[in-house]
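Chemist: Can you read through this structure? Questions will come right after.
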Amino acid sequence: MEVSMFQVVAMGLITVFAVLICLIIIISIMGKIMEKAAPKKAVPAPAAAPAAKQAPVAAAPAANKQQIVAAIAVAIAEEMGTDPSHIRIHSIKKI
């Protein structure tokens, strides 16, 4: 029995699309499982902050240090999922 070129192409396309459909189904099932497993956190919407003028970098070292501390506090708060006003930084050590 000889297989025609049309049959080879048709079987190839059918195989590719069947596997793609299986992958879509598997990924959607895994997504639903992971969605149920992840704890849901209530994340408040960020409030729009007023636009502030940027001070020159070398203008005031104390202000620059405060900006660094503020940036660290926001990064930690974002990771913890809390408000930055609830975080107190007592000391920062350079590593």
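We name chains A, B, ... following the order of the structure tokens; residues begin at 1 in each chain, and ligands are numbered from 1 as shown.
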Identify, on the basis of only C-alpha atoms, every residue whose closest approach to range 67-76 of chain A does not exceed 10 Å; exclude the query and any residue fewer than 6 positions from it along the same chain; express the result as a VMD selection string.

Modeler: chain A and resid 61 82 to 89 91 to 92

Chemist: Tell me, in Å to one decimal, how far CA of Ile33 in chain A is from CA of Ala77 in chain A.

Modeler: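 Taking CA of Ile33 in chain A and CA of Ala77 in chain A, their separation equals 27.8 Å.
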
Chemist: Have a look at CA of Ser4 in chain A and CA of Phe17 in chain A and let me know their distance in Å, one decimal.

Modeler: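 Atom-to-atom, CA of Ser4 in chain A to CA of Phe17 in chain A, that is 20.4 Å.
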